[in-house]
>>> print(open('query00.cif').read())   # mmCIF, C-alpha atoms and all ligand atoms
data_query
#
loop_
_atom_site.label_atom_id
_atom_site.label_comp_id
_atom_site.auth_asym_id
_atom_site.auth_seq_id
_atom_site.Cartn_x
_atom_site.Cartn_y
_atom_site.Cartn_z
CA MET A 1 -3.96 26.80 7.73
CA GLU A 2 -6.00 27.47 10.86
CA PHE A 3 -5.89 24.93 13.63
CA TRP A 4 -8.60 24.32 16.19
CA ARG A 5 -5.80 23.23 18.49
CA VAL A 6 -2.24 23.75 17.37
CA PRO A 7 -0.57 20.32 17.17
CA LEU A 8 2.48 19.97 19.40
CA ASP A 9 4.63 19.10 16.42
CA ALA A 10 3.19 21.79 14.16
CA GLN A 11 6.65 23.27 13.64
CA ALA A 12 8.00 19.99 12.39
CA ILE A 13 5.16 19.01 10.08
CA GLU A 14 5.28 20.16 6.53
CA ILE A 15 1.97 20.94 4.92
CA SER A 16 1.93 20.69 1.18
CA ARG A 17 0.52 23.60 -0.70
CA GLY A 18 -1.02 23.60 -4.11
CA GLU A 19 -1.79 26.02 -6.82
CA VAL A 20 -5.08 25.44 -8.60
CA HIS A 21 -5.45 25.95 -12.32
CA VAL A 22 -8.75 26.08 -14.17
CA ILE A 23 -9.08 25.67 -17.91
CA GLU A 24 -12.21 27.75 -17.91
CA ASP A 25 -13.60 26.91 -21.34
CA ARG A 26 -13.68 23.19 -20.53
CA CYS A 27 -15.83 23.62 -17.44
CA LYS A 28 -19.51 22.65 -17.60
CA GLY A 29 -20.40 24.04 -14.19
CA CYS A 30 -21.30 20.76 -12.46
CA GLY A 31 -20.03 22.11 -9.13
CA TYR A 32 -18.37 18.85 -8.04
CA CYS A 33 -15.00 20.47 -7.34
CA ILE A 34 -16.67 23.21 -5.32
CA GLU A 35 -18.80 20.82 -3.29
CA PHE A 36 -16.11 18.27 -2.54
CA CYS A 37 -12.94 20.33 -2.03
CA PRO A 38 -12.02 19.33 1.53
CA ARG A 39 -10.83 22.88 2.23
CA GLY A 40 -13.97 24.49 0.82
CA ILE A 41 -11.97 27.11 -1.02
CA LEU A 42 -13.61 26.99 -4.46
CA ALA A 43 -16.73 28.84 -5.61
CA PHE A 44 -18.49 29.62 -8.87
CA SER A 45 -17.13 32.79 -10.39
CA ALA A 46 -19.40 35.47 -11.75
CA ARG A 47 -17.88 35.23 -15.23
CA PHE A 48 -19.18 33.08 -18.06
CA ASN A 49 -17.02 30.83 -20.17
CA LYS A 50 -17.42 30.31 -23.91
CA LYS A 51 -20.23 27.79 -23.40
CA GLY A 52 -22.11 29.93 -20.91
CA TYR A 53 -21.12 28.18 -17.69
CA HIS A 54 -19.65 29.79 -14.59
CA PRO A 55 -16.24 28.19 -14.03
CA PRO A 56 -14.96 27.87 -10.47
CA GLU A 57 -12.49 30.28 -8.94
CA VAL A 58 -10.23 29.89 -5.93
CA LEU A 59 -11.35 32.01 -2.99
CA GLN A 60 -8.39 31.36 -0.70
CA PRO A 61 -5.45 30.29 -2.81
CA LYS A 62 -3.21 29.94 0.23
CA SER A 63 -5.43 27.28 1.77
CA CYS A 64 -5.09 24.72 -1.03
CA VAL A 65 -3.33 21.60 0.31
CA ASN A 66 -2.73 20.10 -3.14
CA CYS A 67 -4.89 17.03 -2.44
CA HIS A 68 -5.89 16.89 -6.15
CA TYR A 69 -9.47 15.92 -5.33
CA CYS A 70 -10.92 18.72 -7.50
CA GLU A 71 -8.74 17.40 -10.30
CA ILE A 72 -9.82 13.76 -10.03
CA ILE A 73 -13.55 14.40 -9.51
CA CYS A 74 -13.83 16.86 -12.41
CA PRO A 75 -15.44 15.08 -15.39
CA GLU A 76 -14.07 17.68 -17.81
CA PHE A 77 -10.26 17.78 -17.37
CA ALA A 78 -10.88 21.41 -16.43
CA ILE A 79 -9.23 21.85 -13.03
CA TYR A 80 -5.99 20.61 -11.49
CA SER A 81 -3.55 21.50 -8.79
CA VAL A 82 0.22 21.57 -8.85
CA ASP A 83 2.64 21.30 -5.99
CA LEU A 84 3.84 24.63 -4.68
CA SER A 85 6.66 23.04 -2.71
CA SER A 86 6.20 22.09 0.89
CA LEU A 87 6.01 25.09 3.13
CA GLN A 88 5.80 25.57 6.86
CA PRO A 89 2.21 26.12 7.96
CA PRO A 90 1.66 29.84 7.54
CA GLY A 91 0.94 31.92 10.59
CA LEU A 92 3.12 29.92 12.97
CA MET B 1 -12.86 33.04 -21.61
CA GLN B 2 -9.63 33.17 -19.65
CA ALA B 3 -9.28 35.96 -17.15
CA ALA B 4 -6.71 38.40 -18.48
CA THR B 5 -4.40 37.76 -15.56
CA THR B 6 -4.44 33.95 -15.81
CA PRO B 7 -1.77 32.58 -18.12
CA ARG B 8 -3.07 29.81 -20.37
CA ALA B 9 -2.57 26.23 -19.26
CA GLY B 10 0.32 24.69 -21.09
CA SER B 11 2.17 27.98 -21.49
CA ALA B 12 5.66 28.23 -20.07
CA LEU B 13 4.27 29.56 -16.79
CA VAL B 14 1.47 27.08 -16.28
CA PRO B 15 1.95 23.33 -16.33
CA GLU B 16 -0.49 21.26 -18.36
CA HIS B 17 -3.31 19.18 -16.99
CA PRO B 18 -1.64 15.93 -15.85
CA LEU B 19 -3.68 13.87 -18.33
CA GLU B 20 -3.19 16.21 -21.28
CA ASP B 21 -0.83 13.76 -22.97
CA LEU B 22 -3.45 10.98 -22.90
CA ILE B 23 -6.49 12.86 -24.16
CA ARG B 24 -7.30 14.20 -27.60
CA SER B 25 -7.36 17.80 -26.44
CA ASP B 26 -8.73 19.03 -29.75
CA ARG B 27 -11.94 17.10 -29.03
CA ILE B 28 -12.38 18.48 -25.52
CA PRO B 29 -14.89 19.66 -24.23
CA HIS B 30 -16.32 16.19 -24.80
CA ILE B 31 -19.98 15.47 -25.58
CA TRP B 32 -20.92 14.24 -22.10
CA CYS B 33 -23.57 16.32 -20.32
CA PRO B 34 -22.77 18.57 -17.35
CA GLY B 35 -22.40 16.40 -14.26
CA CYS B 36 -22.28 13.13 -16.22
CA GLY B 37 -20.17 10.58 -14.37
CA ILE B 38 -18.50 9.15 -17.46
CA GLY B 39 -15.80 11.85 -17.63
CA THR B 40 -14.66 11.16 -14.07
CA ALA B 41 -14.52 7.38 -14.62
CA PHE B 42 -12.68 7.94 -17.89
CA ALA B 43 -10.14 10.22 -16.21
CA ALA B 44 -9.63 7.64 -13.44
CA THR B 45 -8.97 5.01 -16.11
CA LEU B 46 -6.36 7.20 -17.80
CA THR B 47 -4.68 7.98 -14.48
CA ALA B 48 -4.57 4.28 -13.63
CA MET B 49 -3.13 3.39 -17.03
CA LYS B 50 -0.42 5.96 -16.50
CA SER B 51 0.45 5.06 -12.92
CA SER B 52 0.38 1.30 -13.52
CA GLY B 53 3.65 1.57 -15.42
CA ILE B 54 2.43 -0.51 -18.37
CA ASP B 55 3.81 0.30 -21.79
CA LEU B 56 1.23 2.71 -23.19
CA HIS B 57 2.46 2.08 -26.72
CA LYS B 58 1.20 -1.46 -26.26
CA THR B 59 -2.10 -0.49 -24.68
CA CYS B 60 -5.41 0.01 -26.40
CA MET B 61 -8.90 0.95 -25.41
CA VAL B 62 -12.03 -0.58 -26.90
CA SER B 63 -15.54 0.77 -26.44
CA GLY B 64 -18.98 -0.21 -27.66
CA ILE B 65 -21.94 2.05 -28.40
CA GLY B 66 -23.57 4.50 -26.03
CA CYS B 67 -22.47 7.58 -24.15
CA SER B 68 -19.64 5.66 -22.43
CA GLY B 69 -18.67 4.22 -25.79
CA ARG B 70 -17.45 7.64 -26.81
CA ALA B 71 -14.45 7.21 -24.50
CA ALA B 72 -12.45 5.40 -27.20
CA GLY B 73 -12.59 8.56 -29.28
CA TYR B 74 -11.06 10.75 -26.59
CA VAL B 75 -8.04 8.70 -25.60
CA LYS B 76 -4.77 9.44 -27.36
CA LEU B 77 -3.81 5.77 -27.70
CA ASP B 78 -4.76 3.12 -30.20
CA SER B 79 -8.47 2.69 -29.64
CA PHE B 80 -11.51 1.29 -31.33
CA HIS B 81 -15.16 2.28 -31.12
CA THR B 82 -16.91 -0.95 -32.07
CA THR B 83 -20.49 -1.80 -32.98
CA HIS B 84 -23.14 -2.15 -30.30
CA GLY B 85 -22.36 -4.81 -27.71
CA ARG B 86 -19.22 -6.00 -29.48
CA ALA B 87 -16.47 -4.32 -27.49
CA ILE B 88 -15.50 -7.56 -25.71
CA PRO B 89 -15.30 -9.81 -28.81
CA PHE B 90 -13.29 -7.13 -30.60
CA ALA B 91 -10.97 -6.81 -27.60
CA THR B 92 -10.68 -10.60 -27.44
CA GLY B 93 -9.54 -10.62 -31.06
CA LEU B 94 -6.96 -7.93 -30.36
CA LYS B 95 -5.56 -9.86 -27.43
CA LEU B 96 -5.46 -13.21 -29.24
CA GLY B 97 -3.89 -11.61 -32.31
CA ASN B 98 -1.23 -9.85 -30.28
CA PRO B 99 -0.95 -11.22 -26.73
CA GLU B 100 1.58 -8.50 -25.86
CA LEU B 101 -1.12 -5.85 -25.84
CA ASN B 102 -2.82 -4.55 -22.72
CA VAL B 103 -6.45 -4.34 -23.70
CA VAL B 104 -8.87 -2.18 -21.74
CA VAL B 105 -12.58 -2.21 -22.49
CA PHE B 106 -14.43 0.91 -21.38
CA SER B 107 -18.15 0.85 -22.04
CA GLY B 108 -21.59 1.26 -20.53
CA ASP B 109 -24.02 -1.08 -18.82
CA GLY B 110 -26.39 -1.22 -21.80
CA ASP B 111 -23.63 -2.11 -24.20
CA LEU B 112 -21.82 -4.65 -22.00
CA PHE B 113 -24.74 -6.33 -20.25
CA ALA B 114 -27.78 -6.10 -22.50
CA ILE B 115 -26.80 -6.45 -26.14
CA GLY B 116 -23.30 -7.61 -25.20
CA GLY B 117 -24.27 -9.78 -22.23
CA ASN B 118 -23.33 -13.08 -23.78
CA HIS B 119 -19.91 -11.84 -24.80
CA PHE B 120 -19.28 -10.72 -21.25
CA ILE B 121 -20.11 -14.03 -19.58
CA HIS B 122 -18.13 -16.07 -22.07
CA ALA B 123 -15.03 -13.89 -21.96
CA ALA B 124 -15.15 -14.18 -18.15
CA ARG B 125 -15.68 -17.95 -18.37
CA ARG B 126 -12.64 -18.31 -20.64
CA ASN B 127 -10.68 -15.91 -18.46
CA MET B 128 -9.67 -13.72 -21.39
CA ASP B 129 -6.90 -11.42 -20.28
CA LEU B 130 -8.90 -8.15 -20.48
CA THR B 131 -9.72 -5.29 -18.14
CA VAL B 132 -13.40 -4.43 -18.47
CA ILE B 133 -14.61 -1.16 -16.96
CA CYS B 134 -18.35 -0.66 -16.98
CA LEU B 135 -19.82 2.75 -16.31
CA ASN B 136 -23.21 1.87 -14.88
CA ASN B 137 -25.63 4.80 -15.01
CA LEU B 138 -28.72 2.62 -14.58
CA ASN B 139 -30.36 3.42 -17.93
CA TYR B 140 -29.86 3.91 -21.67
CA GLY B 141 -28.57 7.47 -21.58
CA MET B 142 -27.73 8.15 -25.19
CA THR B 143 -31.06 7.04 -26.64
CA GLY B 144 -33.16 9.07 -24.23
CA GLY B 145 -33.26 7.23 -20.92
CA GLN B 146 -35.04 3.94 -21.55
CA VAL B 147 -35.16 1.12 -18.99
CA ALA B 148 -32.02 -1.03 -19.00
CA ALA B 149 -30.94 -4.37 -17.57
CA THR B 150 -29.44 -2.43 -14.67
CA THR B 151 -32.34 -0.07 -13.86
CA PRO B 152 -33.27 -0.52 -10.20
CA HIS B 153 -36.67 -1.96 -9.35
CA LEU B 154 -39.34 0.79 -9.34
CA ALA B 155 -37.03 3.43 -10.85
CA ARG B 156 -38.64 5.65 -13.49
CA THR B 157 -37.39 5.80 -17.05
CA THR B 158 -38.94 6.91 -20.35
CA THR B 159 -40.27 3.42 -20.89
CA THR B 160 -41.23 2.68 -17.28
CA PRO B 161 -43.13 5.86 -16.35
CA SER B 162 -44.79 4.19 -13.37
CA GLY B 163 -41.61 2.50 -12.18
CA ASN B 164 -39.51 -0.45 -13.36
CA PRO B 165 -41.43 -3.67 -12.62
CA ASP B 166 -38.30 -5.81 -13.08
CA ALA B 167 -35.26 -6.57 -10.98
CA PRO B 168 -31.87 -5.36 -12.24
CA PHE B 169 -28.72 -7.39 -12.77
CA ASN B 170 -26.27 -7.58 -9.91
CA LEU B 171 -23.19 -7.09 -12.08
CA PRO B 172 -20.44 -8.22 -9.66
CA LEU B 173 -22.45 -11.38 -8.93
CA LEU B 174 -22.74 -12.05 -12.65
CA ALA B 175 -18.99 -11.48 -13.13
CA TRP B 176 -18.13 -13.69 -10.16
CA ALA B 177 -20.42 -16.51 -11.32
CA SER B 178 -19.00 -16.33 -14.84
CA GLY B 179 -15.45 -16.78 -13.59
CA ALA B 180 -13.85 -13.32 -13.52
CA THR B 181 -10.61 -13.30 -11.53
CA TYR B 182 -10.91 -9.69 -10.35
CA VAL B 183 -14.20 -7.98 -9.49
CA ALA B 184 -14.72 -4.59 -7.86
CA ARG B 185 -17.34 -1.86 -7.64
CA TRP B 186 -16.92 1.84 -6.90
CA THR B 187 -18.74 5.07 -7.60
CA VAL B 188 -17.24 8.10 -9.32
CA LEU B 189 -17.12 9.80 -5.94
CA HIS B 190 -14.72 7.07 -4.73
CA THR B 191 -12.24 8.18 -7.36
CA ARG B 192 -9.09 7.20 -5.50
CA GLU B 193 -10.23 3.68 -4.68
CA LEU B 194 -11.54 3.36 -8.22
CA THR B 195 -8.20 4.41 -9.70
CA GLU B 196 -6.32 1.95 -7.48
CA SER B 197 -8.68 -0.84 -8.50
CA ILE B 198 -8.28 -0.09 -12.19
CA GLN B 199 -4.52 -0.01 -11.79
CA LYS B 200 -4.59 -3.39 -10.08
CA ALA B 201 -6.90 -4.82 -12.73
CA ILE B 202 -4.69 -3.59 -15.57
CA THR B 203 -1.54 -5.15 -14.14
CA LYS B 204 -3.26 -8.42 -13.22
CA SER B 205 -3.63 -11.12 -15.84
CA GLY B 206 -7.01 -12.71 -16.48
CA PHE B 207 -10.49 -11.26 -16.81
CA SER B 208 -10.93 -8.23 -14.55
CA PHE B 209 -14.20 -6.42 -14.13
CA ILE B 210 -14.84 -3.08 -12.46
CA GLU B 211 -18.30 -1.60 -12.16
CA VAL B 212 -18.37 2.18 -11.73
CA LEU B 213 -21.62 3.76 -10.63
CA GLY B 214 -21.91 7.19 -12.21
CA PRO B 215 -24.76 9.66 -12.55
CA CYS B 216 -26.71 10.30 -15.75
CA PRO B 217 -28.34 13.50 -14.55
CA ILE B 218 -29.97 14.31 -17.88
CA ASN B 219 -32.03 11.15 -18.25
CA TYR B 220 -32.00 8.89 -15.20
CA GLY B 221 -31.52 11.73 -12.73
CA ARG B 222 -34.21 13.95 -14.17
CA ARG B 223 -36.87 11.23 -14.07
CA ASN B 224 -35.97 10.11 -10.57
CA ARG B 225 -35.67 13.61 -9.12
CA GLU B 226 -31.94 13.47 -8.58
CA LYS B 227 -29.72 16.38 -9.55
CA ALA B 228 -26.12 15.42 -10.31
CA LEU B 229 -24.85 16.65 -6.96
CA GLN B 230 -27.63 14.81 -5.13
CA THR B 231 -26.60 11.57 -6.80
CA LEU B 232 -23.04 12.09 -5.60
CA LYS B 233 -24.32 12.76 -2.10
CA LEU B 234 -26.29 9.49 -2.29
CA TYR B 235 -23.02 7.81 -3.20
CA ARG B 236 -21.55 9.21 -0.03
CA GLU B 237 -24.48 8.53 2.29
CA ARG B 238 -25.88 5.24 1.02
CA THR B 239 -22.78 3.23 0.28
CA ILE B 240 -20.55 1.12 2.47
CA ILE B 241 -17.18 -0.38 1.63
CA ARG B 242 -17.02 -4.08 2.35
CA ASN B 243 -14.20 -5.90 0.60
CA HIS B 244 -14.84 -9.59 -0.10
CA ALA B 245 -18.56 -9.19 0.58
CA ASP B 246 -20.79 -12.06 -0.49
CA PRO B 247 -21.52 -11.34 -4.19
CA SER B 248 -25.19 -12.15 -3.73
CA ASP B 249 -25.49 -9.15 -1.38
CA LEU B 250 -24.43 -6.66 -4.03
CA ASP B 251 -27.76 -5.46 -5.42
CA VAL B 252 -27.90 -1.78 -6.36
CA ASP B 253 -30.75 -0.36 -4.31
CA PHE B 254 -30.16 3.19 -3.14
CA THR B 255 -33.29 3.14 -0.99
CA LYS B 256 -31.21 0.82 1.21
CA GLN B 257 -27.45 0.59 1.04
CA VAL B 258 -25.12 -0.24 -1.81
CA ILE B 259 -21.96 -2.21 -1.09
CA LEU B 260 -18.71 -1.12 -2.73
CA GLY B 261 -15.28 -2.69 -2.64
CA GLU B 262 -13.07 -5.34 -4.08
CA PHE B 263 -14.96 -8.62 -4.14
CA VAL B 264 -12.82 -11.10 -6.07
CA ASP B 265 -9.05 -11.23 -6.52
CA LYS B 266 -7.88 -14.70 -7.46
CA GLU B 267 -5.71 -16.52 -9.96
CA ARG B 268 -6.72 -19.02 -12.62
CA PRO B 269 -5.10 -19.93 -15.96
CA THR B 270 -6.01 -17.47 -18.71
CA CYS B 271 -7.64 -18.35 -22.00
CA ILE B 272 -4.34 -18.05 -23.86
CA GLU B 273 -2.44 -20.16 -21.31
CA ASN B 274 -5.06 -22.90 -21.49
CA TYR B 275 -5.15 -22.79 -25.26
CA ASP B 276 -1.39 -23.02 -25.61
CA LYS B 277 -1.22 -25.93 -23.17
CA THR B 278 -4.03 -27.83 -24.81
CA CYS B 279 -3.81 -27.06 -28.49
CA ARG B 280 -0.23 -26.04 -29.24
CA LEU B 281 1.39 -29.39 -28.69
CA PRO B 282 5.19 -29.45 -28.68
CA GLU B 283 6.50 -30.61 -32.05
S1 LIG C 301 -6.26 20.48 -4.55
FE1 LIG C 301 -7.61 19.87 -2.86
S2 LIG C 301 -7.52 21.60 -1.43
FE2 LIG C 301 -6.72 22.36 -3.38
S3 LIG C 301 -8.52 23.24 -4.41
FE3 LIG C 301 -8.34 21.13 -5.13
S4 LIG C 301 -9.67 19.96 -3.78
FE4 LIG C 301 -9.31 21.95 -2.77
S1 LIG C 302 -15.70 19.81 -11.48
FE1 LIG C 302 -14.84 20.56 -13.42
S2 LIG C 302 -16.63 20.88 -14.75
FE2 LIG C 302 -17.41 20.72 -12.65
S3 LIG C 302 -17.49 22.86 -11.93
FE3 LIG C 302 -15.48 22.04 -11.31
S4 LIG C 302 -14.10 22.61 -12.99
FE4 LIG C 302 -16.19 22.85 -13.76
S1 LIG C 303 -27.25 11.22 -21.51
FE1 LIG C 303 -26.64 10.61 -19.44
S2 LIG C 303 -24.95 9.17 -19.72
FE2 LIG C 303 -25.21 10.28 -21.65
S3 LIG C 303 -23.74 11.97 -21.55
FE3 LIG C 303 -25.74 12.74 -20.80
S4 LIG C 303 -25.66 12.44 -18.58
FE4 LIG C 303 -24.02 11.19 -19.46
#
>>> encode(input="query00.cif", output="structure tokens")
Amino acid sequence: MEFWRVPLDAQAIEISRGEVHVIEDRCKGCGYCIEFCPRGILAFSARFNKKGYHPPEVLQPKSCVNCHYCEIICPEFAIYSVDLSSLQPPGL
Amino acid sequence: MQAATTPRAGSALVPEHPLEDLIRSDRIPHIWCPGCGIGTAFAATLTAMKSSGIDLHKTCMVSGIGCSGRAAGYVKLDSFHTTHGRAIPFATGLKLGNPELNVVVFSGDGDLFAIGGNHFIHAARRNMDLTVICLNNLNYGMTGGQVAATTPHLARTTTTPSGNPDAPFNLPLLAWASGATYVARWTVLHTRELTESIQKAITKSGFSFIEVLGPCPINYGRRNREKALQTLKLYRERTIIRNHADPSDLDVDFTKQVILGEFVDKERPTCIENYDKTCRLPE
């Protein structure tokens, strides 16, 4: 994660990391997850799913903080994140 | 189509969606349109049921007719899709027949407040121990977007092409006046608060009512020039959270500001408690 100003206790704080999974054929392309991901790391992919929608893909997998917002705003049960254990902030 | 490199969800490598055990996966994708708010409100309800710690084997969901009414068909619990407007009386029967059950009603504004309006006010008056979740999308979605009892003044629908001349119901005010012991309103964008409210309502005894504002982009949105994402942005920009606000201030008018929050949280004897005390005299 990039900091505008590195917090003094950055070494001590654990940032959770998530891994996003998309069940592509459930997606109806509403774009909610993409618009409201607080890290802005999702985007429509170029591929089509079975129903002709573009499911989201993760642009920067390392930046997911496992907040689950994509999961809870998705009306389709199509996207969710799982905990990737708590890691030290990368790059420090 | 799954990308070749992505293992399928549910395989040994990839954990399942956290609600997979509560939905009828074989019926997903559901019928709701792209961007429809019902799916999000439904998912929040399932999450709340799960996290509330109630016994899910003793929990059932009842829906009426309409797009939201389809929810009962997607939950992997005992559920019933009743006739139009009759979700609350059916749920009342379930609860009276087996007071051990947790009964959750999930239905739309048309079903609960137009054809089912009388059932709603009387169940609240009696303080029936039910959790009623109303997805309010401001119109009759399933039948093509006609004006409803909740359509905002001047909003366009199929049957009000020059704008709705009438005033809509203020649902939390109606619930408060009828005697509900828990009343809250959120939008689908406020998913976390919504889930917490539903969880609270499920574990609380008495008549609980939660209004969830959700977009109907296909009918209401299209006629009022709101794409699904724009409606969600309105939910962000034109709402304010004010717990315990005066219920008479809770009109839904997105040209001004819409108040969200938890408005009522009180205790009063339930219908069953009152009945037992009054009618089941000790022998
Ligand atoms: S879990 Fe949070 S940070 Fe990760 S992709 Fe979803 S919304 Fe973005
Ligand atoms: S919120 Fe769900 S349905 Fe909408 S684009 Fe994202 S994954 Fe697809
Ligand atoms: S018609 Fe409206 S309420 Fe019904 S599924 Fe479509 S968007 Fe949702």
>>> interface_residues(input="query00.cif", of="chain A", to="chain B", cutoff="7 Å", atoms="all atoms listed in the file", output="short mmCIF file (atom, residue, chain, number, x, y, z; two decimals) with C-alpha atoms, in the frame of the given file")
data_model
loop_
_atom_site.label_atom_id
_atom_site.label_comp_id
_atom_site.auth_asym_id
_atom_site.auth_seq_id
_atom_site.Cartn_x
_atom_site.Cartn_y
_atom_site.Cartn_z
CA ILE A 23 -9.08 25.67 -17.91
CA GLU A 24 -12.21 27.75 -17.91
CA ASP A 25 -13.60 26.91 -21.34
CA ARG A 26 -13.68 23.19 -20.53
CA LYS A 28 -19.51 22.65 -17.60
CA GLY A 29 -20.40 24.04 -14.19
CA CYS A 30 -21.30 20.76 -12.46
CA TYR A 32 -18.37 18.85 -8.04
CA ASN A 49 -17.02 30.83 -20.17
CA LYS A 50 -17.42 30.31 -23.91
CA ILE A 72 -9.82 13.76 -10.03
CA ILE A 73 -13.55 14.40 -9.51
CA CYS A 74 -13.83 16.86 -12.41
CA PRO A 75 -15.44 15.08 -15.39
CA GLU A 76 -14.07 17.68 -17.81
CA TYR A 80 -5.99 20.61 -11.49
#
>>> residues_around(input="query00.cif", residues="A:Ser45", least_positions_apart="3", cutoff="10 Å", atoms="all atoms listed in the file", output="JSON, numbers by chain")
{"A": [42, 48, 49, 53, 54, 55, 56, 57, 58, 59]}
>>> atom_distance(input="query00.cif", atom1="atom CA of A:Ser81", atom2="atom CA of B:Val212")
24.5 Å
>>> residues_near_ligand(input="query00.cif", ligand="ligand LIG 303 (chain C)", cutoff="9 Å", atoms="all atoms listed in the file", output="ChimeraX atom specification")
/B:31-39,66-68,108,135-137,139-145,214-221,228
>>> residues_near_ligand(input="query00.cif", ligand="ligand LIG 301 (chain C)", cutoff="7 Å", atoms="all atoms listed in the file", output="tab-separated table (two decimals) with C-alpha atoms, in the coordinates of the input")
chain	number	residue	atom	x	y	z
A	18	GLY	CA	-1.02	23.60	-4.11
A	20	VAL	CA	-5.08	25.44	-8.60
A	33	CYS	CA	-15.00	20.47	-7.34
A	36	PHE	CA	-16.11	18.27	-2.54
A	37	CYS	CA	-12.94	20.33	-2.03
A	38	PRO	CA	-12.02	19.33	1.53
A	39	ARG	CA	-10.83	22.88	2.23
A	40	GLY	CA	-13.97	24.49	0.82
A	41	ILE	CA	-11.97	27.11	-1.02
A	42	LEU	CA	-13.61	26.99	-4.46
A	63	SER	CA	-5.43	27.28	1.77
A	64	CYS	CA	-5.09	24.72	-1.03
A	65	VAL	CA	-3.33	21.60	0.31
A	66	ASN	CA	-2.73	20.10	-3.14
A	67	CYS	CA	-4.89	17.03	-2.44
A	68	HIS	CA	-5.89	16.89	-6.15
A	69	TYR	CA	-9.47	15.92	-5.33
A	70	CYS	CA	-10.92	18.72	-7.50
A	71	GLU	CA	-8.74	17.40	-10.30
A	80	TYR	CA	-5.99	20.61	-11.49
A	81	SER	CA	-3.55	21.50	-8.79
>>> residues_around(input="query00.cif", residues="B:Val62", least_positions_apart="5", cutoff="10 Å", atoms="all atoms listed in the file", output="ChimeraX atom specification")
/B:69-73,78-82,86-91,94,103-107,132
>>> write_last_selection(input="query00.cif", atoms="C-alpha atoms", output="mmCIF file, in the coordinates of the input")
data_model
loop_
_atom_site.group_PDB
_atom_site.id
_atom_site.type_symbol
_atom_site.label_atom_id
_atom_site.label_comp_id
_atom_site.auth_asym_id
_atom_site.auth_seq_id
_atom_site.Cartn_x
_atom_site.Cartn_y
_atom_site.Cartn_z
ATOM 1 C CA GLY B 69 -18.670 4.220 -25.790
ATOM 2 C CA ARG B 70 -17.450 7.640 -26.810
ATOM 3 C CA ALA B 71 -14.450 7.210 -24.500
ATOM 4 C CA ALA B 72 -12.450 5.400 -27.200
ATOM 5 C CA GLY B 73 -12.590 8.560 -29.280
ATOM 6 C CA ASP B 78 -4.760 3.120 -30.200
ATOM 7 C CA SER B 79 -8.470 2.690 -29.640
ATOM 8 C CA PHE B 80 -11.510 1.290 -31.330
ATOM 9 C CA HIS B 81 -15.160 2.280 -31.120
ATOM 10 C CA THR B 82 -16.910 -0.950 -32.070
ATOM 11 C CA ARG B 86 -19.220 -6.000 -29.480
ATOM 12 C CA ALA B 87 -16.470 -4.320 -27.490
ATOM 13 C CA ILE B 88 -15.500 -7.560 -25.710
ATOM 14 C CA PRO B 89 -15.300 -9.810 -28.810
ATOM 15 C CA PHE B 90 -13.290 -7.130 -30.600
ATOM 16 C CA ALA B 91 -10.970 -6.810 -27.600
ATOM 17 C CA LEU B 94 -6.960 -7.930 -30.360
ATOM 18 C CA VAL B 103 -6.450 -4.340 -23.700
ATOM 19 C CA VAL B 104 -8.870 -2.180 -21.740
ATOM 20 C CA VAL B 105 -12.580 -2.210 -22.490
ATOM 21 C CA PHE B 106 -14.430 0.910 -21.380
ATOM 22 C CA SER B 107 -18.150 0.850 -22.040
ATOM 23 C CA VAL B 132 -13.400 -4.430 -18.470
#
>>> closest_residue(input="query00.cif", among="A:Gln11, A:Gln60, A:Ala43, A:Ile79", to="ligand LIG 302 (chain C)", atoms="all atoms listed in the file")
A:Ile79
>>> closest_residue(input="query00.cif", among="A:Asp9, A:Glu19, A:Asp83, A:Glu35", to="ligand LIG 302 (chain C)", atoms="only C-alpha atoms and all ligand atoms")
A:Glu35
>>> residues_around(input="query00.cif", residues="stretch 163-167 of chain B", least_positions_apart="6", cutoff="12 Å", atoms="all atoms listed in the file", output="list in words")
Leu138, Asn139, Gln146, Val147, Ala148, Ala149, Thr150, Thr151, Pro152, His153, Leu154, Ala155, Arg156, Thr157, Tyr220, Arg223, Asn224, Asp251, Val252 and Asp253 of chain B
>>> write_last_selection(input="query00.cif", atoms="C-alpha atoms", output="JSON list (two decimals), keeping the file's coordinate frame")
[["chain", "number", "residue", "atom", "x", "y", "z"],
["B", 138, "LEU", "CA", -28.72, 2.62, -14.58],
["B", 139, "ASN", "CA", -30.36, 3.42, -17.93],
["B", 146, "GLN", "CA", -35.04, 3.94, -21.55],
["B", 147, "VAL", "CA", -35.16, 1.12, -18.99],
["B", 148, "ALA", "CA", -32.02, -1.03, -19.00],
["B", 149, "ALA", "CA", -30.94, -4.37, -17.57],
["B", 150, "THR", "CA", -29.44, -2.43, -14.67],
["B", 151, "THR", "CA", -32.34, -0.07, -13.86],
["B", 152, "PRO", "CA", -33.27, -0.52, -10.20],
["B", 153, "HIS", "CA", -36.67, -1.96, -9.35],
["B", 154, "LEU", "CA", -39.34, 0.79, -9.34],
["B", 155, "ALA", "CA", -37.03, 3.43, -10.85],
["B", 156, "ARG", "CA", -38.64, 5.65, -13.49],
["B", 157, "THR", "CA", -37.39, 5.80, -17.05],
["B", 220, "TYR", "CA", -32.00, 8.89, -15.20],
["B", 223, "ARG", "CA", -36.87, 11.23, -14.07],
["B", 224, "ASN", "CA", -35.97, 10.11, -10.57],
["B", 251, "ASP", "CA", -27.76, -5.46, -5.42],
["B", 252, "VAL", "CA", -27.90, -1.78, -6.36],
["B", 253, "ASP", "CA", -30.75, -0.36, -4.31]]
>>> closest_residue(input="query00.cif", among="A:Ile13, A:Val6, A:Phe77, A:Arg47", to="B:Asp21", atoms="all atoms listed in the file")
A:Phe77
>>> atom_distance(input="query00.cif", atom1="atom CA of B:Phe263", atom2="atom CA of B:Leu174")
12.0 Å
